[in-house]
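Engineer: Here it is, the structure, as structure tokens.
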Amino acid sequence: MAYSDKVIEHYQNPHNVGSFGSSKEVQARKDVGVGIVGAPECGDVMQLHIQVSDAGVIQDAKFKCFGCGSAIASSSLATEWIKGKTVDQALAIKNTEIVEELSLPPVKIHCSVLAEDSIRAAIEDWKKKNGHATAVDAHAAHAH
Amino acid sequence: MKNTMNKSRPLYLDNAATTRCDPRVVEVMLPYLTEAYGNSGSRNHAFGWEAEEAVEKSREQAAALIGANAKEIIFTSGATESNNLAIKGAANMYAKKPEGQTGRGHIITALHEHKAVLDPCKRLQKEGFDVTFLQPPADGVITVDMVAKEIRPDTILVSIMWANNEIGTINEIPAIGKLCHDKEIIFHTDGTQWVGKMPTDVERDNIDLLSWSSHKIYGPKGVGALYVRRRKPRVRLEAIVDGGGQERGMRSGTLNISGIAGFGKACELCQHEMQSEGERLLKFRNRLETELAKAIEVTQVNGNASKRLPNITNISFGFVEGESLLMGIKDIACSSGSACTSASLEPSYVLKSLGVGDELAHSSLRLSMSRWTTDKEIDYTIASITKAVLHLRKMSPLYDLFKEGVDISKIQWQTH
Ligand SMILES: Cc1ncc(COP(=O)(O)O)c(C=O)c1O
Ligand code: FES
């Protein structure tokens, strides 16, 4: 399968690779949200760390990814897109936008879904740490 | 098409998938496409005679490679067809009960066989045969004891490949063949990765049916052979393709003369060159394995350490996903057991059957060499893989966890 130039570019020079500390350190930091989605058995694990201001603006983002080139490119792109956005703006990012930007073929759509999921998971983690209502809470409230 | 053919080509280390056709083989084939284009079935003119002569010469060359008699060679379109003919042909011939009934006979094979063996066996299962799929041990080698334990009074056929196409492991073939002969059970082996690379003698090795393919041994694609033993015991098969009665009725259809001529030549070349080629490739294989393990921590060579073909190695690089690794070594053509490279998004069933963890199956590369592989290419490959793995580990969350001392298998992952 041929990769798009953008996927190759992100693969070779991924943006914002890294973390804001070890798994223990970030767990203790209230300003950092952690999203880890996927599983090694499935061949894809995406880890997103976001650093969020009190006002809910994502000031910095770092990723790590075990997955194919499209998964790496999707997470690299996601970190670019969410930096400077409010958490609500970041939550509005759809995987289809990633698919379009990177020209991902149908078999690689799930790699972009993973990136979207990692954004959600990281924001949720940050909200939970800071006592904001999370999507899960909202969901639960809905059910009542 | 022309364009891609002219681009600079990647280095080729996917010879277990297919090999380049040797120019000496091509040379033998050409006249049968241009001038000597007769049908070997035409008995009454020179064009037919010429073609027949070519076919019979190839039959001798193919037989010589495996220590058989030329009369025992059936030409087919490749190992897939040979396996189908051997397995379905023998099962139906030696069935204990007629079509439409159950309990027609028992067949033994293994879970890490090629699909061209597994799928015919699964079809036979639907058609009333019982099939035992042996679970290979962690080193991938099927032993004679494993087969012996599964033999039943109604076992009619054992099909165990000689060497595995993904990991290169070698099963206990002469011993399994001997066991089958003692028990009067037909023994088939898929020799696609073995024949032409390793010395083969169907008498010494106790084989009844042996499949192999031209395009894995530097011959053209679309040709192969099935060896069918003629005495002690005389093995009979029910044909699959009916028609003009070519190949003693076992495989009808006009013969692929140029392909067969090339296949014969390829067999002859392998017979002469396999020993020196094997010695050379074994050194390369060992160098790949030891130098990569030295340069990169947490690597694992899959399959038995010593009972392995000299030309194939399968290595897992922990914490790095295979398709992304292939992307990092774009100028080396090889394959991975990663799910991301497969249409089904399932990791290699061969590695899974050995109990290689899914995560390491996703992280595997198969490198397979040929008679043209050079020292320099091996150096280049070691350097490229090392560079790519290190690049990817910098991005790998699993590598971080490993470095933190976290046991990845104990984490509650949210699978989807
Ligand atoms: C072990 C084994 N059996 C069978 C086959 C199928 O061979 P062919 O392509 O000649 O049908 C292959 C090659 O893919 C193989 O490696
Ligand atoms: S992570 Fe498996 S296909 Fe992208």
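For the structure tokens, the naming scheme is as follows: chains receive sequential letters (A, B, ...) according to their order of presentation, residues are indexed from 1 within each chain, and ligands are indexed from 1 in presentation order.
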Select residues of chain A: the criterion is any atom within 6 Å of an atom of chain B, counting only C-alpha atoms; output as an MDAnalysis selection string.
Structural biologist: chainID A and resid 38:41 43 64:69
Engineer: So which residues touch Arg24 of chain B within 9 Å, counting only C-alpha atoms, skipping near sequence neighbours fewer than 6 positions away, as an NGL selection string?
Structural biologist: :B and (262 or 265-266 or 269)
Engineer: Grab the residues selected above and save them as an mmCIF file, in the first residue's frame with C-alpha atoms.
Structural biologist:
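See out_16.cif below for the written result:
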```
data_model
loop_
_atom_site.group_PDB
_atom_site.id
_atom_site.type_symbol
_atom_site.label_atom_id
_atom_site.label_comp_id
_atom_site.auth_asym_id
_atom_site.auth_seq_id
_atom_site.Cartn_x
_atom_site.Cartn_y
_atom_site.Cartn_z
ATOM 1 C CA GLY B 262 12.122 -23.515 -16.778
ATOM 2 C CA LYS B 265 16.215 -26.158 -15.235
ATOM 3 C CA ALA B 266 15.591 -24.469 -11.867
ATOM 4 C CA LEU B 269 20.512 -25.594 -10.791
#
```
Engineer: With the cut-off set at 12 Å and counting only C-alpha atoms and all ligand atoms, tabulate each residue of chain A with an atom at most that distance from an atom of ligand 2, showing the nearest atom pair and its distance in Å to one decimal, ordered by chain and increasing number, as a tab-separated table.
Structural biologist:
```
residue	atom	partner	partner_atom_place_in_ligand_line	distance
A:Met1	CA	ligand 2	3 (S)	11.5
A:Tyr3	CA	ligand 2	4 (Fe)	11.9
A:Val7	CA	ligand 2	4 (Fe)	11.5
A:Val37	CA	ligand 2	1 (S)	11.3
A:Gly38	CA	ligand 2	1 (S)	8.9
A:Ala39	CA	ligand 2	1 (S)	10.0
A:Pro40	CA	ligand 2	1 (S)	9.9
A:Glu41	CA	ligand 2	2 (Fe)	10.4
A:Cys42	CA	ligand 2	2 (Fe)	7.3
A:Gly43	CA	ligand 2	2 (Fe)	5.6
A:Asp44	CA	ligand 2	1 (S)	4.6
A:Val45	CA	ligand 2	1 (S)	7.7
A:Met46	CA	ligand 2	1 (S)	9.0
A:Cys65	CA	ligand 2	1 (S)	8.9
A:Phe66	CA	ligand 2	1 (S)	7.4
A:Gly67	CA	ligand 2	1 (S)	4.0
A:Cys68	CA	ligand 2	4 (Fe)	4.3
A:Gly69	CA	ligand 2	4 (Fe)	6.7
A:Ser70	CA	ligand 2	4 (Fe)	5.4
A:Ala71	CA	ligand 2	4 (Fe)	4.8
A:Ile72	CA	ligand 2	1 (S)	8.0
A:Ala73	CA	ligand 2	4 (Fe)	9.6
A:Ser74	CA	ligand 2	4 (Fe)	9.2
A:Ser75	CA	ligand 2	1 (S)	10.7
A:Val99	CA	ligand 2	4 (Fe)	11.9
A:Leu104	CA	ligand 2	4 (Fe)	10.0
A:Pro105	CA	ligand 2	3 (S)	10.3
A:Pro106	CA	ligand 2	3 (S)	10.1
A:Val107	CA	ligand 2	3 (S)	6.9
A:Lys108	CA	ligand 2	3 (S)	5.3
A:Ile109	CA	ligand 2	4 (Fe)	7.9
A:His110	CA	ligand 2	4 (Fe)	6.8
A:Cys111	CA	ligand 2	4 (Fe)	4.5
A:Ser112	CA	ligand 2	4 (Fe)	8.1
A:Val113	CA	ligand 2	4 (Fe)	9.8
A:Leu114	CA	ligand 2	1 (S)	8.4
A:Ala115	CA	ligand 2	1 (S)	10.3
```
Engineer: Could you list, as a CSV table (one decimal) with C-alpha atoms, in the first residue's frame, all protein and nucleic acid residues with an atom at most 9 Å from ligand 1, counting only C-alpha atoms and all ligand atoms?
Structural biologist:
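Saved file result16.csv follows:
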```
chain,number,residue,atom,x,y,z
B,16,ALA,CA,10.1,-17.0,0.9
B,17,ALA,CA,7.3,-15.3,-0.9
B,18,THR,CA,8.8,-15.7,-4.3
B,77,SER,CA,0.3,-25.0,-11.5
B,78,GLY,CA,2.2,-24.7,-8.2
B,79,ALA,CA,2.3,-25.9,-4.6
B,80,THR,CA,-1.3,-24.9,-3.9
B,81,GLU,CA,-2.6,-27.2,-6.6
B,82,SER,CA,-0.2,-29.9,-5.6
B,83,ASN,CA,-1.3,-29.8,-2.0
B,113,GLU,CA,0.7,-25.2,7.9
B,114,HIS,CA,0.2,-23.0,4.9
B,115,LYS,CA,-3.4,-22.1,4.0
B,116,ALA,CA,-2.9,-24.3,0.9
B,117,VAL,CA,-2.9,-27.3,3.3
B,161,MET,CA,5.0,-29.5,6.0
B,162,TRP,CA,8.7,-30.0,5.7
B,163,ALA,CA,9.7,-26.5,6.6
B,164,ASN,CA,7.6,-23.6,7.6
B,165,ASN,CA,7.3,-20.6,5.3
B,166,GLU,CA,7.1,-17.9,8.0
B,190,ASP,CA,4.4,-29.7,1.7
B,191,GLY,CA,8.0,-29.2,0.7
B,192,THR,CA,7.6,-25.8,-0.9
B,193,GLN,CA,10.2,-24.1,1.3
B,194,TRP,CA,12.4,-27.1,1.7
B,211,SER,CA,4.5,-30.8,-3.1
B,212,TRP,CA,6.8,-28.1,-4.3
B,213,SER,CA,6.8,-25.0,-6.4
B,214,SER,CA,8.9,-23.5,-9.1
B,215,HIS,CA,8.8,-19.9,-8.1
B,216,LYS,CA,10.3,-20.5,-4.7
B,221,LYS,CA,5.6,-18.7,-11.4
B,222,GLY,CA,2.6,-20.9,-12.1
B,223,VAL,CA,4.4,-24.2,-12.2
B,224,GLY,CA,5.0,-26.9,-9.6
```
Engineer: What lies within 6 Å of Lys83 of chain A using only C-alpha atoms, ignoring chain neighbours under 3 positions off, as a PyMOL selection string?
Structural biologist: chain A and resi 58-60+80
Engineer: Among segment 63-217 of chain B, which ones does DSSP assign to strand (DSSP E) (computed from the backbone)? Answer as a PyMOL selection string.
Structural biologist: chain B and resi 73-76+106-110+130-134+155-159+186-190+209-213
Engineer: With C-alpha atoms retained, could you export that selection as a PDB file, in the first residue's frame?
Structural biologist:
```
ATOM      1  CA  ILE B  73       6.271 -36.594 -11.016  1.00  0.00           C
ATOM      2  CA  ILE B  74       2.996 -34.819 -11.822  1.00  0.00           C
ATOM      3  CA  PHE B  75       3.321 -31.259 -13.078  1.00  0.00           C
ATOM      4  CA  THR B  76       0.837 -28.789 -11.652  1.00  0.00           C
ATOM      5  CA  HIS B 106      -9.115 -39.315   9.919  1.00  0.00           C
ATOM      6  CA  ILE B 107      -6.465 -36.823   8.757  1.00  0.00           C
ATOM      7  CA  ILE B 108      -3.660 -35.266  10.808  1.00  0.00           C
ATOM      8  CA  THR B 109      -2.120 -31.890  10.015  1.00  0.00           C
ATOM      9  CA  ALA B 110      -0.866 -28.901  12.047  1.00  0.00           C
ATOM     10  CA  ASP B 130     -12.233 -35.943  10.795  1.00  0.00           C
ATOM     11  CA  VAL B 131      -9.216 -33.674  10.935  1.00  0.00           C
ATOM     12  CA  THR B 132      -6.785 -33.196  13.828  1.00  0.00           C
ATOM     13  CA  PHE B 133      -4.920 -29.902  13.695  1.00  0.00           C
ATOM     14  CA  LEU B 134      -1.820 -30.366  15.838  1.00  0.00           C
ATOM     15  CA  THR B 155      -6.250 -42.396  10.210  1.00  0.00           C
ATOM     16  CA  ILE B 156      -5.779 -42.400   6.439  1.00  0.00           C
ATOM     17  CA  LEU B 157      -3.526 -39.400   5.822  1.00  0.00           C
ATOM     18  CA  VAL B 158      -0.895 -37.316   7.586  1.00  0.00           C
ATOM     19  CA  SER B 159       0.096 -33.975   6.054  1.00  0.00           C
ATOM     20  CA  ILE B 186      -0.313 -42.126   3.493  1.00  0.00           C
ATOM     21  CA  PHE B 187       2.206 -39.372   4.229  1.00  0.00           C
ATOM     22  CA  HIS B 188       2.135 -36.046   2.415  1.00  0.00           C
ATOM     23  CA  THR B 189       4.540 -33.190   3.015  1.00  0.00           C
ATOM     24  CA  ASP B 190       4.403 -29.656   1.674  1.00  0.00           C
ATOM     25  CA  LEU B 209       3.428 -37.380  -1.592  1.00  0.00           C
ATOM     26  CA  LEU B 210       5.607 -34.264  -1.888  1.00  0.00           C
ATOM     27  CA  SER B 211       4.522 -30.839  -3.117  1.00  0.00           C
ATOM     28  CA  TRP B 212       6.820 -28.094  -4.270  1.00  0.00           C
ATOM     29  CA  SER B 213       6.774 -24.999  -6.385  1.00  0.00           C
TER      30      SER B 213
END
```
Engineer: Set the distance at 12 Å and use only C-alpha atoms: which residues neighbour Arg9 of chain B once local chain neighbours fewer than 6 positions away are removed? I'd like the list as a list in words.
Structural biologist: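 Residues near the query, excluding close chain neighbours: Asn3, Lys330, Asp331, Ile332 and Ala333 of chain B.
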Engineer: From the DSSP assignment of the backbone, select every residue of segment 153-261 of chain B that is helix (DSSP H, G or I), and format the answer as a list in words.
Structural biologist: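 Residues meeting the helix (DSSP H, G or I) criterion: Ile173, Pro174, Ala175, Ile176, Gly177, Lys178, Leu179, Cys180, His181, Asp182, Lys183, Ser214, His215, Lys216, Glu247, Arg248, Gly249, Ile257, Ser258, Gly259, Ile260 and Ala261 of chain B.
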Engineer: Need to verify the contact set: Glu53 of chain B, 12 Å, only C-alpha atoms, exclusion of same-chain residues closer than 2 positions in sequence. Can you return it as JSON, numbers by chain?
Structural biologist: {"B": [32, 36, 38, 39, 40, 41, 42, 43, 46, 47, 48, 49, 50, 51, 55, 56, 57, 58, 59, 60, 257, 258, 260, 261, 264]}
Engineer: Quick one: everything within 9 Å of segment 22-27 of chain A, counting only C-alpha atoms, minus sequence neighbours fewer than 3 positions away in the same chain. Send it as a tab-separated table (two decimals) with all heavy atoms, in the first residue's frame.
Structural biologist:
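What follows is the written file part_11.tsv:
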```
chain	number	residue	atom	x	y	z
A	19	SER	N	6.32	12.97	26.40
A	19	SER	CA	5.36	12.85	27.50
A	19	SER	C	5.68	13.95	28.50
A	19	SER	O	6.72	14.61	28.39
A	19	SER	CB	5.50	11.49	28.16
A	19	SER	OG	6.76	11.40	28.79
A	30	LYS	N	-2.36	17.56	38.25
A	30	LYS	CA	-3.75	17.94	37.96
A	30	LYS	C	-3.89	18.68	36.62
A	30	LYS	O	-4.96	18.70	36.02
A	30	LYS	CB	-4.29	18.83	39.09
A	30	LYS	CG	-4.78	18.00	40.27
A	30	LYS	CD	-5.48	18.87	41.30
A	30	LYS	CE	-6.98	18.92	41.01
A	30	LYS	NZ	-7.71	19.62	42.10
A	31	ASP	N	-2.80	19.31	36.19
A	31	ASP	CA	-2.90	20.07	34.93
A	31	ASP	C	-2.65	19.20	33.70
A	31	ASP	O	-2.69	19.69	32.58
A	31	ASP	CB	-1.89	21.23	34.95
A	31	ASP	CG	-0.46	20.74	35.00
A	31	ASP	OD1	-0.22	19.66	35.61
A	31	ASP	OD2	0.42	21.40	34.42
A	32	VAL	N	-2.41	17.92	33.93
A	32	VAL	CA	-2.13	17.04	32.79
A	32	VAL	C	-3.23	15.98	32.65
A	32	VAL	O	-3.61	15.34	33.62
A	32	VAL	CB	-0.76	16.35	32.96
A	32	VAL	CG1	-0.55	15.28	31.87
A	32	VAL	CG2	0.37	17.37	32.89
A	33	GLY	N	-3.73	15.85	31.44
A	33	GLY	CA	-4.70	14.79	31.15
A	33	GLY	C	-4.01	13.70	30.36
A	33	GLY	O	-3.22	13.99	29.46
A	34	VAL	N	-4.30	12.46	30.70
A	34	VAL	CA	-3.64	11.33	30.04
A	34	VAL	C	-4.69	10.46	29.33
A	34	VAL	O	-5.68	10.07	29.94
A	34	VAL	CB	-2.90	10.45	31.08
A	34	VAL	CG1	-2.29	9.22	30.41
A	34	VAL	CG2	-1.82	11.26	31.77
A	49	HIS	N	-0.71	12.90	26.07
A	49	HIS	CA	-0.65	13.73	27.28
A	49	HIS	C	-1.00	15.16	26.87
A	49	HIS	O	-0.43	15.68	25.91
A	49	HIS	CB	0.77	13.73	27.86
A	49	HIS	CG	1.15	12.44	28.53
A	49	HIS	ND1	2.39	12.23	29.11
A	49	HIS	CD2	0.45	11.30	28.74
A	49	HIS	CE1	2.43	11.01	29.63
A	49	HIS	NE2	1.28	10.41	29.40
B	400	ASP	N	8.45	2.87	26.83
B	400	ASP	CA	8.52	3.67	28.07
B	400	ASP	C	8.12	2.83	29.27
B	400	ASP	O	8.78	2.85	30.30
B	400	ASP	CB	7.56	4.87	27.99
B	400	ASP	CG	8.14	5.99	27.16
B	400	ASP	OD1	9.31	5.88	26.74
B	400	ASP	OD2	7.42	6.98	26.91
B	401	LEU	N	7.00	2.13	29.12
B	401	LEU	CA	6.51	1.31	30.24
B	401	LEU	C	7.54	0.25	30.60
B	401	LEU	O	7.81	0.00	31.77
B	401	LEU	CB	5.17	0.65	29.86
B	401	LEU	CG	4.00	1.62	29.75
B	401	LEU	CD1	2.78	0.92	29.13
B	401	LEU	CD2	3.63	2.20	31.11
B	404	GLU	N	10.18	1.79	32.52
B	404	GLU	CA	9.73	2.09	33.89
B	404	GLU	C	9.63	0.82	34.73
B	404	GLU	O	9.34	0.88	35.92
B	404	GLU	CB	8.36	2.76	33.87
B	404	GLU	CG	8.37	4.21	33.44
B	404	GLU	CD	6.96	4.82	33.44
B	404	GLU	OE1	6.11	4.39	34.24
B	404	GLU	OE2	6.72	5.71	32.61
```
